[in-house]
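First comes the structure, then the notes that go with it.
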Amino acid sequence: MKNFNIFAHMISILIVGNGNVATHLYNAFLKADQLTVTQLNSRNLREIPKATITIIAVSDDAIATISSKINNSLVVHTSGSVAMEDLKNTSSKGVFYMLQTFSKNKKIDFSRVPFCLEAENKEDYQLLAILAKSIGKKIYPVNSEQRKALHVAAVFVNNFTNHLYKIGNDICIENNVPFEILHPLIYETAQKIKTLSPEEAQTGPAIRNDKKTIKNHLELLNDQQQKIYKLITTSIKN
């Protein structure tokens with residue numbers, strides 16, 4: 001691989017999109033040394049600037065259409081669930097997927113974000129790795145099938161877990177207790193799986209088959225909450 005300082009000064013970045021991922025990336029690249037970065041609204045593709053790497057950070061269903069309008073040398077998308085082959089540019093293709101949850105007003109520490117990279121050839125992969133290392137530290141080669149599986153796993157550990165936080169918050173509100181009392185428990189649960197497997201870390205009435213506690217819990221819940229509680233309890237038991 002070429003020396004970073006020699007290679008990096010040649011890297012110009014075009015980010016297409018103005019959502020959460022695009023904006024966080026743009027701001028991070030602005031602070032990186034020896035990179036130039038431009039951000040373009042995906043609705044304004046009449047004049048597309050030339051760039052070493054074009055990053056399409058738009059909704060999944062718009063990736064194919066937008067990529068078909070771009071002729072720059074290397075075009076990548078940032079999606080977890082779209083295959084690299086779904087890019088419709090005629091030049092080189094790749095994926096620059098960051099496995100993290102992005103919210104508008106929450107700052108992201110990119111040094112802690114896993115960059116899952118894919119490219120059609122070794123040289124393009126090395127270029128994407130240099131780009132990722134300009135703002136981050138954790139680089140993984142991940143193909144399209146692996147990335148789909150990772151994305152599903154991420155939905156379970158992030159999106160579904162956050163919905164369970166929401167239910168927990170609702171229960172706290174209904175019973176006039178502050179949700180912040182649960183914050184240390186949430187933190188400890190997340191920290192524990194760094195040293196234990198999730199299976200080893202599992203505690204609670206379901207794993208103990210504590211029928212009395214489970215019955216008491218169900219009596220406190222509304223119909224929808226009961227369905228979720230029963231489904232997850234059964235899954236833990238099995």
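Letters for chains follow the order of the structure tokens (A, B, ...), residue numbers begin at 1 for each chain, and ligand numbers begin at 1 in the order shown.
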Can you pull out the residues contacting Val16 of chain A? Cut-off 9 Å, using only C-alpha atoms, and skip same-chain residues under 2 positions away; I want them as an mmCIF file with N, CA and C atoms, in the first residue's frame.
data_model
loop_
_atom_site.group_PDB
_atom_site.id
_atom_site.type_symbol
_atom_site.label_atom_id
_atom_site.label_comp_id
_atom_site.auth_asym_id
_atom_site.auth_seq_id
_atom_site.Cartn_x
_atom_site.Cartn_y
_atom_site.Cartn_z
ATOM 1 N N LEU A 14 -16.671 13.184 -2.722
ATOM 2 C CA LEU A 14 -17.987 13.763 -2.990
ATOM 3 C C LEU A 14 -19.010 12.924 -2.228
ATOM 4 N N ASN A 18 -27.999 14.358 2.070
ATOM 5 C CA ASN A 18 -27.926 15.357 3.148
ATOM 6 C C ASN A 18 -28.641 14.879 4.423
ATOM 7 N N ALA A 22 -24.848 11.168 5.861
ATOM 8 C CA ALA A 22 -24.106 12.074 4.970
ATOM 9 C C ALA A 22 -23.530 13.261 5.740
ATOM 10 N N THR A 38 -16.807 17.498 -0.638
ATOM 11 C CA THR A 38 -17.949 18.283 -1.112
ATOM 12 C C THR A 38 -19.212 17.484 -0.824
ATOM 13 N N GLN A 39 -20.251 18.182 -0.397
ATOM 14 C CA GLN A 39 -21.538 17.521 -0.156
ATOM 15 C C GLN A 39 -22.561 18.046 -1.152
ATOM 16 N N LEU A 40 -23.329 17.110 -1.726
ATOM 17 C CA LEU A 40 -24.292 17.449 -2.777
ATOM 18 C C LEU A 40 -25.647 16.860 -2.418
ATOM 19 N N ASN A 41 -26.689 17.691 -2.519
ATOM 20 C CA ASN A 41 -28.043 17.181 -2.312
ATOM 21 C C ASN A 41 -28.390 16.207 -3.441
ATOM 22 N N SER A 42 -28.963 15.066 -3.088
ATOM 23 C CA SER A 42 -29.259 14.035 -4.100
ATOM 24 C C SER A 42 -30.297 14.496 -5.124
ATOM 25 N N LEU A 45 -28.545 16.838 -9.113
ATOM 26 C CA LEU A 45 -27.482 16.079 -9.777
ATOM 27 C C LEU A 45 -27.222 16.555 -11.202
ATOM 28 N N THR A 54 -16.735 8.800 -4.684
ATOM 29 C CA THR A 54 -18.089 9.347 -4.535
ATOM 30 C C THR A 54 -18.861 8.445 -3.584
ATOM 31 N N ILE A 55 -19.351 9.026 -2.496
ATOM 32 C CA ILE A 55 -20.078 8.268 -1.477
ATOM 33 C C ILE A 55 -21.565 8.615 -1.561
ATOM 34 N N ILE A 56 -22.374 7.613 -1.902
ATOM 35 C CA ILE A 56 -23.820 7.820 -1.978
ATOM 36 C C ILE A 56 -24.430 7.454 -0.625
ATOM 37 N N ALA A 57 -24.904 8.460 0.096
ATOM 38 C CA ALA A 57 -25.485 8.248 1.429
ATOM 39 C C ALA A 57 -26.946 8.698 1.396
ATOM 40 N N VAL A 58 -27.770 7.855 0.767
ATOM 41 C CA VAL A 58 -29.196 8.173 0.593
ATOM 42 C C VAL A 58 -30.014 6.952 1.017
ATOM 43 N N ILE A 66 -29.668 6.925 -8.350
ATOM 44 C CA ILE A 66 -28.663 7.986 -8.216
ATOM 45 C C ILE A 66 -27.310 7.531 -8.762
#
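Among the candidates A:Val142, A:Leu131, A:Ala51, A:Ile173, the residue lying nearest to Ala32 of chain A is A:Leu131 (atoms considered: only C-alpha atoms).
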Checklist outcome for this item: Ser68 of chain A proximity check over A:Lys93, A:Lys50, A:Arg112, A:Arg147, using only C-alpha atoms: winner is A:Lys93
Checklist entry - Quick one: residues within 12 Å of Asn216 of chain A, only C-alpha atoms counted, chain neighbours fewer than 4 positions away excluded, as a ChimeraX atom specification? => result /A:205,210-212,220-221,226,229
Next on the checklist: Quick check, in Å to one decimal: how far apart do atom CA of Gln100 of chain A and atom CA of Lys138 of chain A lie?
Outcome noted: 12.0 Å
Next on the checklist: as a list in words, please: every residue in segment 26-92 of chain A that DSSP puts in alpha helix (DSSP H).
Outcome noted: Tyr26, Asn27, Ala28, Phe29, Leu30, Lys31, Ile63, Ala64, Thr65, Ile66 and Ser67 of chain A
Next on the checklist: Report as number ranges by chain all protein, DNA and RNA residues lying within 8 Å of Ala28 of chain A, evaluated on only C-alpha atoms, omitting residues in the same chain fewer than 4 positions from it.
Outcome noted: A: 24, 32, 110, 135
Item to check | Neighbour list for segment 118-120 of chain A as an MDAnalysis selection string, cut-off 9 Å, only C-alpha atoms, skip fewer than 5 positions in-chain | outcome: chainID A and resid 76 84 92:97 125:126 128 140:144
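Remark: for Val113 of chain A, the closest of the candidate residues A:Leu25, A:Lys192, A:Ser81, A:Ser91 is A:Leu25 (distances computed over only C-alpha atoms).
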Item to check | Among the residues A:His151, A:Lys106, A:Lys122, A:His217, the one that comes closest to Ile171 of chain A [using only C-alpha atoms] | outcome: A:His217
Next on the checklist: Between atom CA of Met10 of chain A and atom CA of Gly136 of chain A, what is the distance in Å, rounded to a tenth?
Outcome noted: 18.9 Å
With only C-alpha atoms as the counted atoms, please give the residues lying no more than 12 Å from Ile186 of chain A, apart from itself and same-chain residues fewer than 3 positions off, as a PDB file with C-alpha atoms, in the first residue's frame.
ATOM      1  CA  THR A 161     -33.443  -3.050  21.964  1.00  0.00           C
ATOM      2  CA  ASN A 162     -34.236   0.666  21.731  1.00  0.00           C
ATOM      3  CA  LEU A 164     -37.691  -2.228  24.512  1.00  0.00           C
ATOM      4  CA  TYR A 165     -36.183   0.845  26.204  1.00  0.00           C
ATOM      5  CA  GLY A 168     -39.578   0.314  29.783  1.00  0.00           C
ATOM      6  CA  PHE A 179     -36.627   6.119  33.807  1.00  0.00           C
ATOM      7  CA  GLU A 180     -33.114   7.308  34.736  1.00  0.00           C
ATOM      8  CA  ILE A 181     -33.121   4.768  37.605  1.00  0.00           C
ATOM      9  CA  LEU A 182     -32.670   2.121  34.858  1.00  0.00           C
ATOM     10  CA  HIS A 183     -29.701   3.868  33.209  1.00  0.00           C
ATOM     11  CA  THR A 189     -25.895  -4.906  30.461  1.00  0.00           C
ATOM     12  CA  ALA A 190     -24.058  -3.390  27.486  1.00  0.00           C
ATOM     13  CA  GLN A 191     -20.653  -3.533  29.220  1.00  0.00           C
ATOM     14  CA  LYS A 192     -21.066  -7.133  30.404  1.00  0.00           C
ATOM     15  CA  ILE A 193     -21.100  -8.637  26.904  1.00  0.00           C
TER      16      ILE A 193
END
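Backbone DSSP of segment 81-220 of chain A yields strand (DSSP E) at Ser92, Lys93, Gly94, Val95, Phe96, Tyr97, Met98, Pro114, Phe115, Cys116, Leu117, Glu118, Ala119, Lys138, Ile139, Tyr140 and Pro141 of chain A.
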Item to check | Nearest-residue call for Ile130 of chain A, choices A:Ile214, A:Val21, A:Leu231, A:Leu35, using only C-alpha atoms | outcome: A:Leu35
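Across A:Ala83, A:Ile48, A:Thr101, A:Ile53, the tightest approach to Ile70 of chain A is made by A:Ile48 when counting only C-alpha atoms.
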Checklist entry - atom CA of Ala129 of chain A and atom CA of Leu117 of chain A are how many Å apart? => result 7.4 Å
